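Novice: Pasting a structure below so you can have a look.
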4 protein chains.
Amino acid sequence: MDNTRRARKIVDQMYENDPFSQWLGVELVQVEPGRVTLKMTVRPEMMNGFGVCHGGITFSFADSALAFAANSRGRVSLLLKASMSYPTAVREGDVLYAAAEEETLNNKVGIYSITVTREDGRKVGLFQGTVYRTQKDHLISEEDE
Amino acid sequence: MDNTRRARKIVDQMYENDPFSQWLGVELVQVEPGRVTLKMTVRPEMMNGFGVCHGGITFSFADSALAFAANSRGRVSLLLKASMSYPTAVREGDVLYAAAEEETLNNKVGIYSITVTREDGRKVGLFQGTVYRTQKDHLISEEDE
Amino acid sequence: MDNTRRARKIVDQMYENDPFSQWLGVELVQVEPGRVTLKMTVRPEMMNGFGVCHGGITFSFADSALAFAANSRGRVSLLLKASMSYPTAVREGDVLYAAAEEETLNNKVGIYSITVTREDGRKVGLFQGTVYRTQKDHLISEEDE
Amino acid sequence: MDNTRRARKIVDQMYENDPFSQWLGVELVQVEPGRVTLKMTVRPEMMNGFGVCHGGITFSFADSALAFAANSRGRVSLLLKASMSYPTAVREGDVLYAAAEEETLNNKVGIYSITVTREDGRKVGLFQGTVYRTQKDHLISEEDE
């Protein structure tokens with residue numbers, strides 16, 4: 001199985017076992033090793049007390065993108081620290097994309113930048129996260145399904 | 001109305017209009033001007049693909065604490081940038097507390113540290129956030145209810 | 001005067017009055033509005049107690065790039081919060097580049113990503129910073145020199 | 001040798017081999033395992049293009065405090081990611097203190113908060129950093145000097 005198919009299988013398996021990403025309504029747009037694009041639509045129950053999207057939703061969406069991108073490399077990888085900036089408010093009904101890029105990867109640590117954009121291309125969240133890469137590999141079925 | 005009662009009223013009003021904090025199951029434990037403690041219990045639908053609490057949940061919980069603490073000062077305040085560290089995993093059923101402390105406050109900007117702990121006192125999340133303070137005041141009913 | 005010349009003049013003026021960037025040995029490689037590339041060489045007095053470059057040096061270098069990029073837009077802009085990741089150690093004699101990109105810009109706030117690389121292209125620092133844009137303009141001589 | 005004396009010896013040894021902390025003029029005020037206070041005075045060559053202290057100086061000072069605090073535990077520890085907020089400007093001649101507190105420590109990772117204050121107690125920098133703890137111990141002479 002090539003790396004792209006393996007990456008996809010790992011992410012599919014993670015997503016199937018990830019109730020909160022499912023609650024968010026995350027769709028997998030693109031999965032390659034170390035690189036993932038997700039899509040979601042902002043719903044009424046995601047609003048905060050100002051009638052805009054809760055900052056935790058945008059963060060969660062970016063964090064799912066990071067988790068999928070980092071783990072798609074095959075090793076179980078855990079978020080150590082992340083930072084997020086909020087250049088503009090997100091509204092109900094907005095369709096968002098989270099594009100995760102791998103900045104660097106070594107044996108212990110991976111660094112990922114995730115840009116969250118609206119459908120019109122405007123940036124609404126900038127996330128950077130550092131993962132610790134454990135020695136444990138993701139187990140996936142090797143059969144050709 | 002004194003500042004503590006006003007802070008409480010602002011936060012109550014924000015919480016009543018905040019569907020995502022309600023979804024999280026956030027309870028207000030303590031509210032003072034610039035200082036808030038929240039409580040929540042981690043539910044099955046908050047898990048990620050590793051069977052532990054999604055990092056976005058802990059962040060969202062801390063972010064709600066920050067929003068309540070910053071806005072309790074009376075001015076509409078918006079998150080610009082936050083960072084979060086994850087020292088230990090959170091499990092289903094864990095009862096969490098988020099204690100928001102005001103580090104500094106000036107006319108334009110407030111900085112808040114939020115420590116998320118489990119009921120046994122162990123730190124599970126360390127959040128630091130910077131808000132922009134708009135010129136707009138929170139409107140609350142001045143009547144003594 | 002066009003925006004690129006104005007940007008260059010502002011940055012030149014800032015640099016001439018910036019003793020610490022001078023101590024770092026920062027060179028201006030490229031200056032456009034909102035976009036700056038700097039170069040420096042790591043010297044023995046920049047080492048830490050492990051014989052590698054002090055993390056504060058890499059941060060300072062990135063921070064100078066951010067300050068020049070943000071202010072090159074014409075408004076006095078001040079750093080509110082920054083985060084930095086260190087994917088790999090920097091050694092004495094390394095030649096570093098800091099490339100500042102403007103992620104977003106609005107009336108009050110600008111967000112910049114700065115990537116610090118060695119001459120061989122390897123990333124050694126990833127910096128993201130948020131500036132507050134004051135209402136004050138940079139005063140520069142309008143004459144054609 | 002007890003832990004406090006060992007912590008002090010490690011930090012002394014690091015400081016003696018740390019040209020940049022020496023350039024900063026860092027003094028060790030207090031050293032305990034996982035906990036360090038440093039002092040420094042802001043000099044003219046530390047200014048930026050606005051005539052205030054360069055953000056990189058405050059960061060470097062906090063980073064030295066983090067490095068000393070983390071390594072005082074006995075294991076060689078390297079900064080992975082840090083974030084810093086700047087609530088107020090620092091001026092030439094200001095005397096600064098950096099107090100590093102250990103938030104959490106486990107086998108692989110330590111998290112430290114460093115508060116930088118002026119002599120009048122005002123907070124001028126809030127730093128949070130995550131270190132990776134290698135398996136390598138600091139070698140120090142065990143003799144009673």
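Quick note on naming: the chains in the structure tokens go A, B, ... in the order shown, residues restart at 1 in each chain, and ligands are numbered from 1 in order of appearance.
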Would you give me, as a ChimeraX atom specification, the residues in chain D that DSSP reads as alpha helix (DSSP H)?
Specialist: /D:3-16,19-24,55-71
Novice: How would the residues just picked look written out with C-alpha atoms as an mmCIF file, in the first residue's frame?
Specialist:
data_model
loop_
_atom_site.group_PDB
_atom_site.id
_atom_site.type_symbol
_atom_site.label_atom_id
_atom_site.label_comp_id
_atom_site.auth_asym_id
_atom_site.auth_seq_id
_atom_site.Cartn_x
_atom_site.Cartn_y
_atom_site.Cartn_z
ATOM 1 C CA ASN D 3 18.331 18.943 45.157
ATOM 2 C CA THR D 4 18.570 22.669 45.758
ATOM 3 C CA ARG D 5 22.358 22.636 45.766
ATOM 4 C CA ARG D 6 22.395 20.454 42.675
ATOM 5 C CA ALA D 7 19.946 22.796 40.928
ATOM 6 C CA ARG D 8 22.176 25.748 41.752
ATOM 7 C CA LYS D 9 25.286 23.984 40.471
ATOM 8 C CA ILE D 10 23.625 23.081 37.174
ATOM 9 C CA VAL D 11 22.435 26.625 36.641
ATOM 10 C CA ASP D 12 25.801 28.113 37.591
ATOM 11 C CA GLN D 13 27.484 25.808 35.116
ATOM 12 C CA MET D 14 25.006 26.673 32.360
ATOM 13 C CA TYR D 15 25.349 30.376 33.030
ATOM 14 C CA GLU D 16 29.160 30.257 32.912
ATOM 15 C CA PRO D 19 27.573 34.115 26.439
ATOM 16 C CA PHE D 20 24.210 35.580 25.475
ATOM 17 C CA SER D 21 22.740 35.450 28.989
ATOM 18 C CA GLN D 22 25.974 37.121 30.088
ATOM 19 C CA TRP D 23 25.550 39.789 27.407
ATOM 20 C CA LEU D 24 22.030 40.383 28.704
ATOM 21 C CA GLY D 55 10.654 42.532 22.244
ATOM 22 C CA GLY D 56 13.394 40.004 21.652
ATOM 23 C CA ILE D 57 15.240 41.153 24.764
ATOM 24 C CA THR D 58 12.297 40.511 27.072
ATOM 25 C CA PHE D 59 11.727 37.159 25.371
ATOM 26 C CA SER D 60 15.414 36.212 25.682
ATOM 27 C CA PHE D 61 15.397 37.086 29.361
ATOM 28 C CA ALA D 62 12.313 34.933 29.970
ATOM 29 C CA ASP D 63 13.782 32.150 27.848
ATOM 30 C CA SER D 64 16.966 32.115 29.954
ATOM 31 C CA ALA D 65 14.796 31.811 33.066
ATOM 32 C CA LEU D 66 12.906 28.910 31.499
ATOM 33 C CA ALA D 67 16.114 27.142 30.442
ATOM 34 C CA PHE D 68 17.610 27.450 33.927
ATOM 35 C CA ALA D 69 14.394 26.337 35.650
ATOM 36 C CA ALA D 70 13.810 23.347 33.379
ATOM 37 C CA ASN D 71 17.413 22.136 33.404
#
Novice: Per residue of chain D within 10 Å of chain A, note the shortest atom pair and the distance in Å to one decimal, counting only C-alpha atoms, and order the rows by chain and increasing residue number, as a Markdown table.
Specialist:
| residue | atom | partner | partner_atom | distance |
| --- | --- | --- | --- | --- |
| D:Leu80 | CA | A:Thr130 | CA | 8.0 |
| D:Lys81 | CA | A:Lys81 | CA | 7.3 |
| D:Ala82 | CA | A:Lys81 | CA | 8.8 |
| D:Ser83 | CA | A:Ser83 | CA | 8.1 |
| D:Lys108 | CA | A:Tyr132 | CA | 9.3 |
| D:Val109 | CA | A:Leu80 | CA | 8.6 |
| D:Ile111 | CA | A:Leu80 | CA | 9.8 |
| D:Gly129 | CA | A:Lys81 | CA | 9.0 |
| D:Thr130 | CA | A:Lys81 | CA | 7.6 |
| D:Val131 | CA | A:Leu80 | CA | 9.9 |
| D:Tyr132 | CA | A:Tyr132 | CA | 9.2 |
Novice: Keeping N, CA and C atoms for every residue in the selection just given, could you write it to a file as a PDB file, in the first residue's frame?
Specialist:
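Final output, saved to part-v1.pdb:
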ATOM      1  N   LEU D  80      10.769  23.640  22.992  1.00  0.00           N
ATOM      2  CA  LEU D  80      10.057  23.276  21.767  1.00  0.00           C
ATOM      3  C   LEU D  80       9.250  24.453  21.231  1.00  0.00           C
ATOM      4  N   LYS D  81       8.483  25.070  22.129  1.00  0.00           N
ATOM      5  CA  LYS D  81       7.594  26.143  21.680  1.00  0.00           C
ATOM      6  C   LYS D  81       7.323  27.097  22.830  1.00  0.00           C
ATOM      7  N   ALA D  82       7.291  28.369  22.522  1.00  0.00           N
ATOM      8  CA  ALA D  82       6.998  29.375  23.538  1.00  0.00           C
ATOM      9  C   ALA D  82       6.059  30.410  22.968  1.00  0.00           C
ATOM     10  N   SER D  83       5.300  31.042  23.860  1.00  0.00           N
ATOM     11  CA  SER D  83       4.499  32.189  23.438  1.00  0.00           C
ATOM     12  C   SER D  83       4.731  33.309  24.431  1.00  0.00           C
ATOM     13  N   LYS D 108       8.585  13.293  29.731  1.00  0.00           N
ATOM     14  CA  LYS D 108       9.030  13.809  28.430  1.00  0.00           C
ATOM     15  C   LYS D 108       8.984  15.330  28.328  1.00  0.00           C
ATOM     16  N   VAL D 109       8.053  15.931  29.041  1.00  0.00           N
ATOM     17  CA  VAL D 109       7.707  17.324  28.772  1.00  0.00           C
ATOM     18  C   VAL D 109       7.566  18.112  30.069  1.00  0.00           C
ATOM     19  N   ILE D 111       6.280  22.153  31.395  1.00  0.00           N
ATOM     20  CA  ILE D 111       5.662  23.420  30.989  1.00  0.00           C
ATOM     21  C   ILE D 111       5.958  24.469  32.061  1.00  0.00           C
ATOM     22  N   GLY D 129       6.263  28.402  28.079  1.00  0.00           N
ATOM     23  CA  GLY D 129       7.105  27.582  27.215  1.00  0.00           C
ATOM     24  C   GLY D 129       7.025  26.109  27.557  1.00  0.00           C
ATOM     25  N   THR D 130       7.205  25.288  26.529  1.00  0.00           N
ATOM     26  CA  THR D 130       7.168  23.835  26.654  1.00  0.00           C
ATOM     27  C   THR D 130       8.536  23.285  26.282  1.00  0.00           C
ATOM     28  N   VAL D 131       9.107  22.485  27.184  1.00  0.00           N
ATOM     29  CA  VAL D 131      10.415  21.882  26.887  1.00  0.00           C
ATOM     30  C   VAL D 131      10.273  20.377  26.682  1.00  0.00           C
ATOM     31  N   TYR D 132      11.163  19.859  25.848  1.00  0.00           N
ATOM     32  CA  TYR D 132      11.313  18.416  25.701  1.00  0.00           C
ATOM     33  C   TYR D 132      12.465  17.985  26.609  1.00  0.00           C
TER      34      TYR D 132
END
Novice: Please, what distance in Å, to one decimal, runs between CA of Met46 in chain B and CA of Glu32 in chain B?
Specialist: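 It comes out at 28.7 Å.
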Novice: For Asp137 in chain B, find every residue with an atom within 8 Å (counting only C-alpha atoms), except residues of its own chain fewer than 3 positions away, and show them as a ChimeraX atom specification.
Specialist: /B:74-76
Novice: To one decimal place, how far is CA of Thr41 in chain D from CA of Arg91 in chain C in Å?
Specialist: 27.3 Å
